[in-house]
>>> print(open('query_30.txt').read())   # compact mmCIF, C-alpha atoms
# COMPACT_ATOMS: atom_id res chain seq x y z
CA MET A 257 12.02 -45.47 7.06
CA ARG A 258 11.46 -48.67 5.09
CA ARG A 259 7.96 -49.41 3.82
CA LEU A 260 5.73 -51.32 6.23
CA MET A 261 5.01 -54.96 5.46
CA THR A 262 1.65 -55.58 3.86
CA ALA A 263 -1.09 -56.67 6.23
CA GLY A 264 -1.42 -59.95 4.36
CA ALA A 265 2.23 -60.80 4.82
CA LEU A 266 2.13 -60.00 8.51
CA ALA A 267 -1.04 -62.00 9.01
CA LEU A 268 0.35 -64.99 7.13
CA GLY A 269 3.50 -64.97 9.23
CA ALA A 270 1.40 -64.59 12.37
CA THR A 271 -0.87 -67.49 11.53
CA PHE A 272 1.99 -70.00 11.46
CA ALA A 273 3.81 -68.69 14.52
CA ILE A 274 2.08 -71.08 16.95
CA SER A 275 2.99 -74.68 17.60
CA GLY A 276 1.43 -77.29 19.80
CA ALA A 277 -2.05 -78.72 20.15
CA ALA A 278 -5.08 -76.46 20.03
CA SER A 279 -7.86 -76.56 22.55
CA ALA A 280 -11.48 -77.37 21.79
CA GLN A 281 -11.79 -73.90 20.28
CA ASP A 282 -12.26 -73.99 16.51
CA CYS A 283 -9.04 -72.90 14.81
CA PRO A 284 -8.04 -70.46 13.58
CA VAL A 285 -9.71 -67.69 15.54
CA LYS A 286 -10.69 -65.00 13.05
CA LEU A 287 -10.47 -61.29 13.71
CA GLY A 288 -12.10 -59.04 11.12
CA ALA A 289 -10.62 -55.71 10.05
CA ILE A 290 -12.49 -53.13 7.96
CA LEU A 291 -9.93 -50.48 7.00
CA PRO A 292 -9.23 -48.25 4.00
CA VAL A 293 -6.10 -49.56 2.26
CA SER A 294 -6.96 -47.84 -1.02
CA GLY A 295 -8.73 -44.61 -1.96
CA PRO A 296 -8.22 -41.17 -0.38
CA MET A 297 -7.21 -42.62 3.00
CA GLY A 298 -5.35 -45.61 1.60
CA GLN A 299 -1.85 -44.60 2.66
CA VAL A 300 -2.92 -43.82 6.22
CA GLY A 301 -5.18 -46.88 6.35
CA GLU A 302 -2.44 -49.21 5.14
CA ARG A 303 -0.14 -48.16 7.97
CA ILE A 304 -2.98 -48.62 10.46
CA SER A 305 -3.83 -52.04 9.03
CA ASN A 306 -0.20 -53.17 9.10
CA THR A 307 0.02 -52.16 12.77
CA GLY A 308 -3.13 -54.16 13.54
CA ALA A 309 -1.61 -57.16 11.81
CA PHE A 310 1.56 -56.65 13.84
CA ALA A 311 -0.45 -56.81 17.06
CA VAL A 312 -1.93 -60.11 15.88
CA LYS A 313 1.54 -61.41 15.04
CA LEU A 314 2.80 -60.69 18.56
CA PHE A 315 -0.32 -62.23 20.12
CA ASN A 316 0.24 -65.39 18.08
CA GLU A 317 3.87 -65.54 19.16
CA ALA A 318 2.54 -65.44 22.73
CA GLY A 319 0.35 -68.50 22.08
CA GLY A 320 -2.66 -67.15 20.23
CA VAL A 321 -6.19 -67.25 21.63
CA LYS A 322 -7.10 -70.39 23.56
CA GLY A 323 -4.26 -72.27 21.85
CA CYS A 324 -5.41 -71.29 18.36
CA PRO A 325 -3.66 -69.02 15.89
CA VAL A 326 -5.44 -65.76 15.18
CA GLU A 327 -6.15 -65.01 11.53
CA TYR A 328 -6.31 -61.31 10.69
CA VAL A 329 -8.94 -61.07 7.95
CA LEU A 330 -8.75 -57.68 6.25
CA ARG A 331 -11.36 -56.13 3.99
CA ASP A 332 -10.73 -52.83 2.21
CA THR A 333 -13.43 -50.19 2.75
CA GLN A 334 -11.83 -47.77 0.25
CA GLY A 335 -13.06 -45.11 2.69
CA GLN A 336 -16.62 -45.53 1.39
CA SER A 337 -19.65 -46.35 3.52
CA ALA A 338 -21.41 -48.74 1.12
CA ILE A 339 -18.23 -50.70 0.47
CA GLY A 340 -17.50 -50.75 4.19
CA VAL A 341 -20.92 -52.20 4.99
CA ASP A 342 -20.51 -54.89 2.34
CA ALA A 343 -17.04 -55.69 3.70
CA ALA A 344 -18.36 -56.01 7.25
CA LYS A 345 -21.24 -58.23 6.11
CA SER A 346 -18.77 -60.48 4.32
CA LEU A 347 -16.63 -60.81 7.42
CA VAL A 348 -19.59 -61.56 9.68
CA ASP A 349 -21.70 -63.75 7.38
CA LEU A 350 -19.00 -65.59 5.42
CA GLU A 351 -15.94 -65.53 7.69
CA GLY A 352 -17.88 -65.82 10.94
CA VAL A 353 -15.94 -63.17 12.85
CA ALA A 354 -17.24 -62.17 16.28
CA ALA A 355 -15.40 -58.83 16.35
CA LEU A 356 -14.49 -56.09 13.87
CA ILE A 357 -11.56 -53.67 14.04
CA GLY A 358 -12.45 -50.39 12.29
CA ALA A 359 -13.33 -48.43 10.46
CA VAL A 360 -11.18 -45.29 10.26
CA SER A 361 -13.70 -42.73 9.03
CA SER A 362 -16.77 -42.09 11.19
CA GLY A 363 -18.81 -42.01 8.00
CA VAL A 364 -17.91 -45.67 7.41
CA SER A 365 -17.96 -46.86 11.02
CA LEU A 366 -21.46 -45.53 11.66
CA PRO A 367 -23.38 -47.51 9.01
CA VAL A 368 -21.31 -50.60 9.77
CA LEU A 369 -22.29 -50.30 13.43
CA THR A 370 -26.01 -49.75 12.86
CA SER A 371 -26.57 -52.14 9.94
CA VAL A 372 -24.07 -54.93 10.66
CA ALA A 373 -22.45 -54.98 14.11
CA VAL A 374 -25.45 -54.33 16.35
CA PRO A 375 -27.97 -56.48 14.42
CA SER A 376 -25.43 -59.33 14.26
CA LYS A 377 -24.32 -58.91 17.91
CA VAL A 378 -20.72 -58.41 16.82
CA VAL A 379 -18.31 -56.15 18.71
CA GLN A 380 -16.87 -53.22 16.76
CA VAL A 381 -13.76 -51.42 18.01
CA SER A 382 -12.54 -48.40 16.05
CA CYS A 383 -9.05 -46.98 16.32
CA CYS A 384 -9.90 -43.67 14.79
CA SER A 385 -13.58 -42.71 14.44
CA SER A 386 -14.12 -39.66 16.63
CA SER A 387 -17.62 -38.38 15.77
CA GLU A 388 -19.85 -37.55 18.72
CA SER A 389 -22.72 -39.32 16.92
CA PHE A 390 -21.54 -42.61 18.42
CA THR A 391 -21.80 -41.21 21.92
CA ALA A 392 -25.34 -40.02 21.21
CA LEU A 393 -26.31 -43.45 19.84
CA ALA A 394 -24.85 -45.16 22.90
CA GLU A 395 -26.70 -42.82 25.25
CA GLU A 396 -29.92 -43.73 23.43
CA GLY A 397 -29.16 -47.44 23.89
CA LYS A 398 -28.82 -48.03 20.16
CA THR A 399 -25.29 -49.46 20.22
CA GLU A 400 -26.32 -52.11 22.79
CA GLY A 401 -22.76 -51.98 24.16
CA TYR A 402 -21.16 -53.47 21.04
CA TRP A 403 -19.33 -50.22 20.20
CA PHE A 404 -15.91 -49.22 21.55
CA ARG A 405 -13.21 -46.88 20.33
CA THR A 406 -9.64 -46.39 21.41
CA TYR A 407 -9.46 -42.79 20.13
CA ALA A 408 -11.00 -39.80 21.88
CA THR A 409 -14.04 -37.99 20.47
CA ASN A 410 -14.33 -34.84 18.38
CA ARG A 411 -14.99 -32.89 21.58
CA SER A 412 -11.32 -32.96 22.47
CA GLN A 413 -10.25 -32.36 18.86
CA SER A 414 -12.24 -29.15 18.48
CA ALA A 415 -11.03 -27.88 21.84
CA MET A 416 -7.42 -28.55 20.88
CA GLY A 417 -7.82 -26.98 17.45
CA ALA A 418 -9.35 -23.82 18.92
CA LYS A 419 -6.72 -23.52 21.65
CA LEU A 420 -3.89 -24.04 19.16
CA THR A 421 -5.32 -21.41 16.82
CA VAL A 422 -5.67 -18.79 19.52
CA ASP A 423 -2.35 -19.64 21.17
CA SER A 424 -0.70 -19.13 17.76
CA GLY A 425 -2.02 -15.56 17.69
CA PHE A 426 -4.47 -16.04 14.82
CA LYS A 427 -7.59 -13.84 14.86
CA LYS A 428 -9.47 -14.56 11.62
CA THR A 429 -9.64 -18.21 10.65
CA ALA A 430 -11.14 -19.90 7.61
CA VAL A 431 -12.28 -23.51 7.92
CA ILE A 432 -12.28 -26.11 5.15
CA TYR A 433 -13.67 -29.48 6.21
CA VAL A 434 -14.49 -32.86 4.72
CA ASN A 435 -18.23 -33.26 4.19
CA THR A 436 -18.69 -36.33 6.39
CA ASP A 437 -20.15 -36.90 9.81
CA PHE A 438 -16.65 -36.50 11.25
CA GLY A 439 -15.84 -33.29 9.40
CA VAL A 440 -19.22 -31.63 9.86
CA GLY A 441 -19.26 -32.34 13.59
CA LEU A 442 -15.69 -31.18 14.14
CA ALA A 443 -16.15 -27.96 12.16
CA LYS A 444 -19.32 -27.10 14.07
CA ARG A 445 -17.66 -27.68 17.43
CA PHE A 446 -14.58 -25.72 16.38
CA GLU A 447 -16.69 -22.73 15.41
CA GLN A 448 -18.30 -22.75 18.86
CA ASP A 449 -15.00 -23.17 20.71
CA ILE A 450 -13.04 -20.56 18.77
CA ALA A 451 -15.71 -17.95 19.49
CA LYS A 452 -15.45 -18.66 23.22
CA LEU A 453 -11.68 -18.10 23.06
CA GLY A 454 -12.00 -14.79 21.23
CA GLY A 455 -11.27 -15.90 17.68
CA THR A 456 -13.36 -15.30 14.56
CA ILE A 457 -14.41 -17.61 11.71
CA THR A 458 -14.32 -15.82 8.35
CA SER A 459 -15.87 -18.74 6.41
CA SER A 460 -16.58 -22.43 6.83
CA VAL A 461 -16.54 -24.45 3.62
CA ALA A 462 -17.33 -28.14 3.15
CA TYR A 463 -15.73 -30.28 0.44
CA ASN A 464 -16.60 -33.68 -1.01
CA GLU A 465 -13.85 -36.26 -1.22
CA SER A 466 -11.82 -37.49 -4.21
CA GLN A 467 -12.08 -34.46 -6.49
CA GLN A 468 -9.25 -33.55 -8.85
CA SER A 469 -9.47 -29.89 -7.83
CA TYR A 470 -10.88 -27.87 -4.94
CA ARG A 471 -10.39 -24.46 -6.52
CA ALA A 472 -14.03 -23.44 -5.94
CA GLU A 473 -13.94 -24.37 -2.26
CA VAL A 474 -10.59 -22.66 -1.72
CA THR A 475 -11.73 -19.49 -3.48
CA LYS A 476 -14.77 -19.31 -1.23
CA ALA A 477 -12.68 -19.91 1.88
CA LEU A 478 -10.33 -17.06 0.94
CA GLU A 479 -13.16 -14.54 1.26
CA GLY A 480 -12.85 -12.32 4.32
CA GLU A 481 -9.04 -12.20 4.21
CA PRO A 482 -8.35 -14.89 6.83
CA ASP A 483 -5.01 -14.87 8.61
CA SER A 484 -5.12 -18.67 9.08
CA LEU A 485 -6.76 -21.87 7.83
CA PHE A 486 -8.07 -24.74 9.94
CA LEU A 487 -8.04 -27.75 7.60
CA ILE A 488 -10.03 -30.87 8.48
CA ALA A 489 -9.02 -33.42 5.89
CA PHE A 490 -7.24 -36.67 5.06
CA PRO A 491 -3.81 -36.71 3.36
CA VAL A 492 -4.65 -37.09 -0.35
CA ASP A 493 -7.40 -34.48 -0.55
CA GLY A 494 -5.74 -32.40 2.15
CA ALA A 495 -2.60 -32.10 0.03
CA THR A 496 -4.60 -31.01 -3.02
CA ILE A 497 -6.48 -28.39 -0.99
CA THR A 498 -3.30 -27.08 0.62
CA ARG A 499 -1.46 -26.74 -2.70
CA GLU A 500 -4.38 -24.85 -4.25
CA TRP A 501 -4.83 -22.71 -1.14
CA LEU A 502 -1.20 -21.58 -1.26
CA ALA A 503 -1.21 -21.16 -5.04
CA LEU A 504 -4.23 -18.83 -4.84
CA GLY A 505 -2.55 -16.61 -2.25
CA GLY A 506 -3.75 -18.18 0.98
CA THR A 507 -1.69 -17.74 4.12
CA ASP A 508 0.72 -20.47 5.15
CA ASN A 509 -0.58 -20.20 8.75
CA LEU A 510 -2.16 -23.64 8.80
CA ILE A 511 -3.81 -25.54 11.64
CA VAL A 512 -4.50 -29.19 10.78
CA ASN A 513 -6.39 -32.08 12.35
CA ASN A 514 -4.71 -35.29 13.46
CA SER A 515 -5.15 -37.14 10.14
CA LEU A 516 -2.69 -34.77 8.45
CA ARG A 517 0.13 -35.70 10.78
CA SER A 518 1.36 -37.89 7.98
CA SER A 519 4.51 -38.04 5.89
CA ASP A 520 2.29 -38.68 2.86
CA TYR A 521 0.73 -35.25 3.32
CA PHE A 522 4.05 -33.52 3.99
CA GLU A 523 5.67 -35.04 0.90
CA ALA A 524 2.70 -34.30 -1.37
CA VAL A 525 2.64 -30.61 -0.40
CA GLY A 526 6.34 -30.13 0.18
CA SER A 527 7.58 -29.59 3.72
CA GLN A 528 9.28 -26.36 2.66
CA TYR A 529 5.80 -24.84 2.24
CA LEU A 530 4.62 -26.00 5.65
CA THR A 531 7.02 -24.20 7.95
CA ASN A 532 4.17 -22.33 9.68
CA LEU A 533 1.93 -25.37 9.98
CA VAL A 534 0.84 -26.51 13.45
CA GLY A 535 -1.28 -29.47 14.42
CA TYR A 536 -2.56 -31.62 17.26
CA ASP A 537 -3.01 -35.32 17.85
CA SER A 538 -3.62 -37.76 20.65
CA ALA A 539 -0.51 -38.16 22.77
CA GLN A 540 0.84 -41.18 24.48
CA PRO A 541 1.09 -41.04 28.28
CA ARG A 542 4.58 -41.00 29.71
CA LEU A 543 4.46 -44.69 30.63
CA ALA A 544 6.77 -47.69 30.21
CA SER A 545 4.07 -49.55 28.25
CA VAL A 546 4.11 -46.83 25.59
CA ASP A 547 7.90 -46.99 25.36
CA THR A 548 7.66 -50.76 24.95
CA PHE A 549 5.25 -50.44 22.04
CA ASN A 550 7.39 -47.77 20.39
CA GLU A 551 10.46 -50.02 20.64
CA LEU A 552 8.58 -53.04 19.29
CA PHE A 553 7.22 -51.01 16.39
CA GLU A 554 10.58 -49.54 15.44
CA ALA A 555 12.25 -52.95 15.56
CA GLU A 556 9.56 -54.37 13.25
CA PHE A 557 9.18 -51.52 10.78
CA GLY A 558 12.47 -49.66 10.92
CA GLY A 559 11.03 -46.35 12.05
CA PRO A 560 8.97 -44.75 14.82
CA PRO A 561 5.15 -44.99 14.98
CA ASP A 562 4.55 -41.41 13.85
CA GLY A 563 1.10 -40.95 12.39
CA PRO A 564 -2.57 -41.26 13.25
CA GLY A 565 -4.16 -44.45 14.48
CA LEU A 566 -1.07 -46.61 15.02
CA HIS A 567 -1.01 -46.74 18.82
CA SER A 568 -4.79 -46.89 19.04
CA VAL A 569 -5.26 -49.74 16.55
CA PHE A 570 -2.59 -51.77 18.34
CA ASP A 571 -4.57 -51.46 21.56
CA ALA A 572 -7.89 -52.11 19.83
CA VAL A 573 -6.60 -55.47 18.60
CA ASN A 574 -5.08 -56.43 21.94
CA VAL A 575 -8.15 -55.70 24.06
CA VAL A 576 -10.34 -57.71 21.68
CA LEU A 577 -7.99 -60.70 21.68
CA LEU A 578 -7.58 -60.58 25.46
CA ALA A 579 -11.37 -60.46 25.79
CA MET A 580 -11.59 -63.55 23.58
CA GLU A 581 -8.97 -65.29 25.73
CA ALA A 582 -10.99 -64.48 28.86
CA SER A 583 -14.27 -65.77 27.37
CA ASP A 584 -15.63 -69.25 27.95
CA GLU A 585 -16.92 -69.13 24.39
CA ILE A 586 -15.94 -66.61 21.72
CA THR A 587 -19.17 -64.74 21.02
CA GLY A 588 -19.97 -61.09 20.50
CA ASP A 589 -21.70 -60.89 23.87
CA ASN A 590 -18.76 -62.43 25.70
CA ILE A 591 -16.25 -60.18 23.92
CA ARG A 592 -18.38 -57.16 24.78
CA GLU A 593 -18.23 -58.02 28.47
CA GLY A 594 -14.64 -59.22 28.27
CA ILE A 595 -13.30 -55.92 26.93
CA ARG A 596 -14.55 -54.16 30.02
CA ALA A 597 -13.19 -56.92 32.25
CA VAL A 598 -9.64 -56.81 30.86
CA THR A 599 -9.45 -52.99 31.12
CA ALA A 600 -11.10 -52.53 34.52
CA ASP A 601 -9.46 -51.02 37.60
CA GLY A 602 -8.16 -53.49 40.13
CA GLY A 603 -6.70 -56.14 37.88
CA THR A 604 -3.04 -57.04 37.63
CA GLU A 605 -1.49 -54.78 35.02
CA VAL A 606 -0.25 -56.46 31.83
CA TYR A 607 1.66 -54.88 28.98
CA PRO A 608 2.29 -55.09 25.21
CA GLY A 609 4.62 -57.57 23.61
CA VAL A 610 5.02 -61.33 23.69
CA GLU A 611 6.08 -61.59 27.34
CA GLY A 612 3.31 -59.23 28.44
CA ILE A 613 0.61 -61.18 26.61
CA GLN A 614 1.97 -64.50 27.89
CA ARG A 615 1.73 -63.11 31.41
CA ALA A 616 -1.84 -61.98 30.74
CA LYS A 617 -2.80 -65.43 29.47
CA GLU A 618 -1.29 -67.07 32.55
CA LEU A 619 -3.29 -64.80 34.87
CA ILE A 620 -6.51 -65.38 32.94
CA ALA A 621 -5.95 -69.15 33.07
CA ALA A 622 -5.49 -68.86 36.83
CA GLY A 623 -8.81 -67.02 37.14
CA GLU A 624 -7.22 -63.72 38.08
CA ALA A 625 -8.34 -60.29 36.89
CA ILE A 626 -6.07 -58.31 34.56
CA ARG A 627 -5.88 -54.74 33.35
CA TYR A 628 -4.28 -54.15 29.96
CA VAL A 629 -2.00 -51.10 29.86
CA GLY A 630 -0.85 -50.59 26.32
CA ALA A 631 0.35 -48.31 23.56
CA THR A 632 -2.12 -45.60 24.57
CA GLY A 633 -1.74 -46.22 28.29
CA ALA A 634 -4.39 -47.62 30.63
CA LEU A 635 -7.59 -47.71 28.60
CA GLN A 636 -10.74 -46.82 30.50
CA PHE A 637 -13.95 -47.18 28.52
CA ASP A 638 -16.94 -45.24 29.82
CA GLN A 639 -20.55 -46.46 29.57
CA ASN A 640 -20.67 -45.32 25.93
CA GLY A 641 -17.49 -47.12 24.87
CA ASP A 642 -15.55 -43.85 24.75
CA VAL A 643 -12.07 -43.12 26.10
CA GLN A 644 -10.22 -39.97 27.04
CA ALA A 645 -6.60 -39.38 26.15
CA PRO A 646 -3.82 -36.84 26.53
CA LYS A 647 -3.13 -34.56 23.58
CA MET A 648 -0.04 -33.12 21.98
CA THR A 649 0.73 -30.27 19.60
CA TRP A 650 3.33 -30.52 16.85
CA LYS A 651 5.01 -28.75 13.96
CA LEU A 652 7.45 -29.63 11.20
CA ASP A 653 11.19 -29.39 11.70
CA GLY A 654 12.50 -30.02 8.21
CA ASP A 655 10.79 -33.23 7.15
CA GLU A 656 10.12 -34.45 10.68
CA ASN A 657 7.10 -33.68 12.84
CA VAL A 658 8.14 -32.80 16.37
CA GLU A 659 6.12 -32.42 19.55
CA THR A 660 5.77 -28.84 20.78
CA GLY A 661 3.38 -29.27 23.70
CA TYR A 662 1.66 -31.88 25.86
CA LEU A 663 -1.68 -31.83 27.68
CA SER A 664 -2.49 -34.63 30.10
CA THR A 665 -5.91 -36.25 30.16
CA GLU A 666 -6.73 -34.03 33.14
CA ASP A 667 -5.55 -30.92 31.26
CA VAL A 668 -7.78 -31.79 28.29
CA ALA A 669 -10.75 -32.37 30.61
CA GLU A 670 -10.18 -28.96 32.22
CA LEU A 671 -9.99 -27.26 28.81
CA ILE A 672 -13.27 -28.84 27.73
CA LYS A 673 -14.90 -27.98 31.05
CA MET A 674 -13.86 -24.35 30.65
CA LEU A 675 -15.20 -24.15 27.09
CA ASP A 676 -18.49 -25.83 27.99
CA ALA A 677 -18.98 -23.53 30.96
CA ASN A 678 -18.75 -20.35 28.88
>>> encode(input="query_30.txt", output="structure tokens")
Amino acid sequence: MRRLMTAGALALGATFAISGAASAQDCPVKLGAILPVSGPMGQVGERISNTGAFAVKLFNEAGGVKGCPVEYVLRDTQGQSAIGVDAAKSLVDLEGVAALIGAVSSGVSLPVLTSVAVPSKVVQVSCCSSSESFTALAEEGKTEGYWFRTYATNRSQSAMGAKLTVDSGFKKTAVIYVNTDFGVGLAKRFEQDIAKLGGTITSSVAYNESQQSYRAEVTKALEGEPDSLFLIAFPVDGATITREWLALGGTDNLIVNNSLRSSDYFEAVGSQYLTNLVGYDSAQPRLASVDTFNELFEAEFGGPPDGPGLHSVFDAVNVVLLAMEASDEITGDNIREGIRAVTADGGTEVYPGVEGIQRAKELIAAGEAIRYVGATGALQFDQNGDVQAPKMTWKLDGDENVETGYLSTEDVAELIKMLDAN
């Protein structure tokens, strides 16, 4: 697959795709993106960012927002919370954005939300942050409705990881997890879920990001003679941990979180060493809108959208831009209400791509309600800004990751209900 265009190149092309007179709206309309395009998550983040820019490009080809081109203004978080907060402040205070796409890591999204988005009344929509801390904040009224995410929470991830481990026949599992809000929360939930399904945790070891070696953590995790490893990591560090785990005699029975469904991880470890690896990720519903996105993506980038965050960032961008289009004035408050309006039951369904967005704009202009059905299906945000999604399991077949199982949204809900009832 050829390398994805840089976000800057996509955004530049998108900005000049519109012709004709603009409305009274100040042009261009700026959409902020806070994503890691360097650092430990840089390779994953770059693909996510490029997909976000692609969504903007298509929206501009459909006429932009209120007759104005959309400018995709990217700031690199480097996967670090302090840098992410500074990046968000720059976008809000200097660029004047009314909405932020991102971040990827929960550990970056959380301080951005509490110290920038909420105080500034700016909407934040993450494609990838799955910590349950956001749900707790929303339930306490501390997000003030400015938080949304197009990826399901850790609750479904831990349930899937535990089910996959037990279904694979593993009895004694070690856990190595990234020492962030995301990793800590997922590891804790996994430990609870695996016990309810009859499995055993031999050790649970946290690691800090961006180290040259994780020999100490791996050695500790090998205690207790585990027959499997559940690895909660991102590709760069995950590859280092996996190589050292195997080199020190660890089993190749690996269960990995969604972030490691990445060719960068496979190539860094060597797919020949990952033949017993299994993983899970969010799945796309079996809908025409998903097929449309997949076709658009492959035509643009020369390969399928395999990897975390690509479908969900595409939808995050589209619901924000449609909310802007539906607003009398582009403000954080109006976008906040508009996101719920353009994804609510009862509206005329509209789909990805230039023709789909043009149709959506026509309906909005006519005062009619719409419901966006996109790359992840029909989004339905609950009162906390959370969504539910189907899940899939996968393994490697040579160098390609292939789907091995599918659980519908209802199946996932039933699995969680069963685990919570025990």
>>> residues_around(input="query_30.txt", residues="range 486-498 of chain A", least_positions_apart="3", cutoff="6 Å", atoms="all atoms listed in the file", output="MDAnalysis selection string")
chainID A and resid 296 431:434 470 501 511:513 515:516 521 524:525
>>> residues_around(input="query_30.txt", residues="range 394-411 of chain A", least_positions_apart="6", cutoff="8 Å", atoms="all atoms listed in the file", output="PyMOL selection string")
chain A and resi 369-370+373-374+377-388+438+441-442+445+538+565+568-569+571-572+588-589+592+635+637+640-645+672
>>> residues_around(input="query_30.txt", residues="Ser361 in chain A", least_positions_apart="3", cutoff="9 Å", atoms="only C-alpha atoms", output="list in words")
Leu291, Pro292, Met297, Gly335, Gln336, Ser337, Gly358, Val364, Ser365, Leu366, Cys384, Ser385, Ser386, Ser387, Thr436, Asp437 and Phe438 of chain A
>>> closest_residue(input="query_30.txt", among="A:Phe390, A:Tyr536, A:Phe522, A:Phe549", to="Val610 in chain A", atoms="all atoms listed in the file")
A:Phe549
>>> closest_residue(input="query_30.txt", among="A:Lys452, A:Glu465, A:Val658, A:Ala430", to="Ala418 in chain A", atoms="all atoms listed in the file")
A:Lys452
>>> axis_aligned_box(input="query_30.txt", around="range 447-465 of chain A", padding_each_side="5 Å", output="lines of an AutoDock Vina configuration file")
center_x = -14.8
center_y = -25.5
center_z = 11.0
size_x = 17.0
size_y = 31.5
size_z = 34.4
>>> residues_near_point(input="query_30.txt", point="(-8.8, -59.0, 7.5)", cutoff="12 Å", atoms="only C-alpha atoms", output="PDB file with C-alpha atoms, in the frame of the given file")
ATOM      1  CA  THR A 262       1.650 -55.580   3.860  1.00  0.00           C
ATOM      2  CA  ALA A 263      -1.090 -56.670   6.230  1.00  0.00           C
ATOM      3  CA  GLY A 264      -1.420 -59.950   4.360  1.00  0.00           C
ATOM      4  CA  ALA A 265       2.230 -60.800   4.820  1.00  0.00           C
ATOM      5  CA  LEU A 266       2.130 -60.000   8.510  1.00  0.00           C
ATOM      6  CA  ALA A 267      -1.040 -62.000   9.010  1.00  0.00           C
ATOM      7  CA  LEU A 268       0.350 -64.990   7.130  1.00  0.00           C
ATOM      8  CA  VAL A 285      -9.710 -67.690  15.540  1.00  0.00           C
ATOM      9  CA  LYS A 286     -10.690 -65.000  13.050  1.00  0.00           C
ATOM     10  CA  LEU A 287     -10.470 -61.290  13.710  1.00  0.00           C
ATOM     11  CA  GLY A 288     -12.100 -59.040  11.120  1.00  0.00           C
ATOM     12  CA  ALA A 289     -10.620 -55.710  10.050  1.00  0.00           C
ATOM     13  CA  ILE A 290     -12.490 -53.130   7.960  1.00  0.00           C
ATOM     14  CA  LEU A 291      -9.930 -50.480   7.000  1.00  0.00           C
ATOM     15  CA  PRO A 292      -9.230 -48.250   4.000  1.00  0.00           C
ATOM     16  CA  VAL A 293      -6.100 -49.560   2.260  1.00  0.00           C
ATOM     17  CA  GLU A 302      -2.440 -49.210   5.140  1.00  0.00           C
ATOM     18  CA  SER A 305      -3.830 -52.040   9.030  1.00  0.00           C
ATOM     19  CA  ASN A 306      -0.200 -53.170   9.100  1.00  0.00           C
ATOM     20  CA  GLY A 308      -3.130 -54.160  13.540  1.00  0.00           C
ATOM     21  CA  ALA A 309      -1.610 -57.160  11.810  1.00  0.00           C
ATOM     22  CA  VAL A 312      -1.930 -60.110  15.880  1.00  0.00           C
ATOM     23  CA  VAL A 326      -5.440 -65.760  15.180  1.00  0.00           C
ATOM     24  CA  GLU A 327      -6.150 -65.010  11.530  1.00  0.00           C
ATOM     25  CA  TYR A 328      -6.310 -61.310  10.690  1.00  0.00           C
ATOM     26  CA  VAL A 329      -8.940 -61.070   7.950  1.00  0.00           C
ATOM     27  CA  LEU A 330      -8.750 -57.680   6.250  1.00  0.00           C
ATOM     28  CA  ARG A 331     -11.360 -56.130   3.990  1.00  0.00           C
ATOM     29  CA  ASP A 332     -10.730 -52.830   2.210  1.00  0.00           C
ATOM     30  CA  THR A 333     -13.430 -50.190   2.750  1.00  0.00           C
ATOM     31  CA  ALA A 343     -17.040 -55.690   3.700  1.00  0.00           C
ATOM     32  CA  ALA A 344     -18.360 -56.010   7.250  1.00  0.00           C
ATOM     33  CA  SER A 346     -18.770 -60.480   4.320  1.00  0.00           C
ATOM     34  CA  LEU A 347     -16.630 -60.810   7.420  1.00  0.00           C
ATOM     35  CA  VAL A 348     -19.590 -61.560   9.680  1.00  0.00           C
ATOM     36  CA  GLU A 351     -15.940 -65.530   7.690  1.00  0.00           C
ATOM     37  CA  GLY A 352     -17.880 -65.820  10.940  1.00  0.00           C
ATOM     38  CA  VAL A 353     -15.940 -63.170  12.850  1.00  0.00           C
ATOM     39  CA  ALA A 355     -15.400 -58.830  16.350  1.00  0.00           C
ATOM     40  CA  LEU A 356     -14.490 -56.090  13.870  1.00  0.00           C
ATOM     41  CA  ILE A 357     -11.560 -53.670  14.040  1.00  0.00           C
ATOM     42  CA  GLY A 358     -12.450 -50.390  12.290  1.00  0.00           C
ATOM     43  CA  ALA A 359     -13.330 -48.430  10.460  1.00  0.00           C
ATOM     44  CA  VAL A 573      -6.600 -55.470  18.600  1.00  0.00           C
TER      45      VAL A 573
END
>>> decode(input="query_30.txt", residues="range 432-438 of chain A", atoms="N, CA and C atoms", output="compact mmCIF listing (two decimals), in the first residue's frame")
# COMPACT_ATOMS: atom_id res chain seq x y z
N ILE A 432 0.80 -7.00 30.56
CA ILE A 432 1.71 -5.85 30.53
C ILE A 432 0.93 -4.70 29.92
N TYR A 433 0.90 -3.57 30.61
CA TYR A 433 0.04 -2.46 30.18
C TYR A 433 0.75 -1.12 30.31
N VAL A 434 0.39 -0.22 29.40
CA VAL A 434 0.95 1.13 29.42
C VAL A 434 0.42 1.87 30.64
N ASN A 435 1.32 2.58 31.31
CA ASN A 435 0.98 3.24 32.57
C ASN A 435 0.35 4.61 32.31
N THR A 436 -0.84 4.57 31.74
CA THR A 436 -1.65 5.76 31.49
C THR A 436 -3.06 5.48 31.98
N ASP A 437 -3.89 6.50 31.96
CA ASP A 437 -5.27 6.31 32.38
C ASP A 437 -5.94 5.21 31.57
N PHE A 438 -5.67 5.19 30.28
CA PHE A 438 -6.23 4.15 29.40
C PHE A 438 -5.73 2.77 29.82
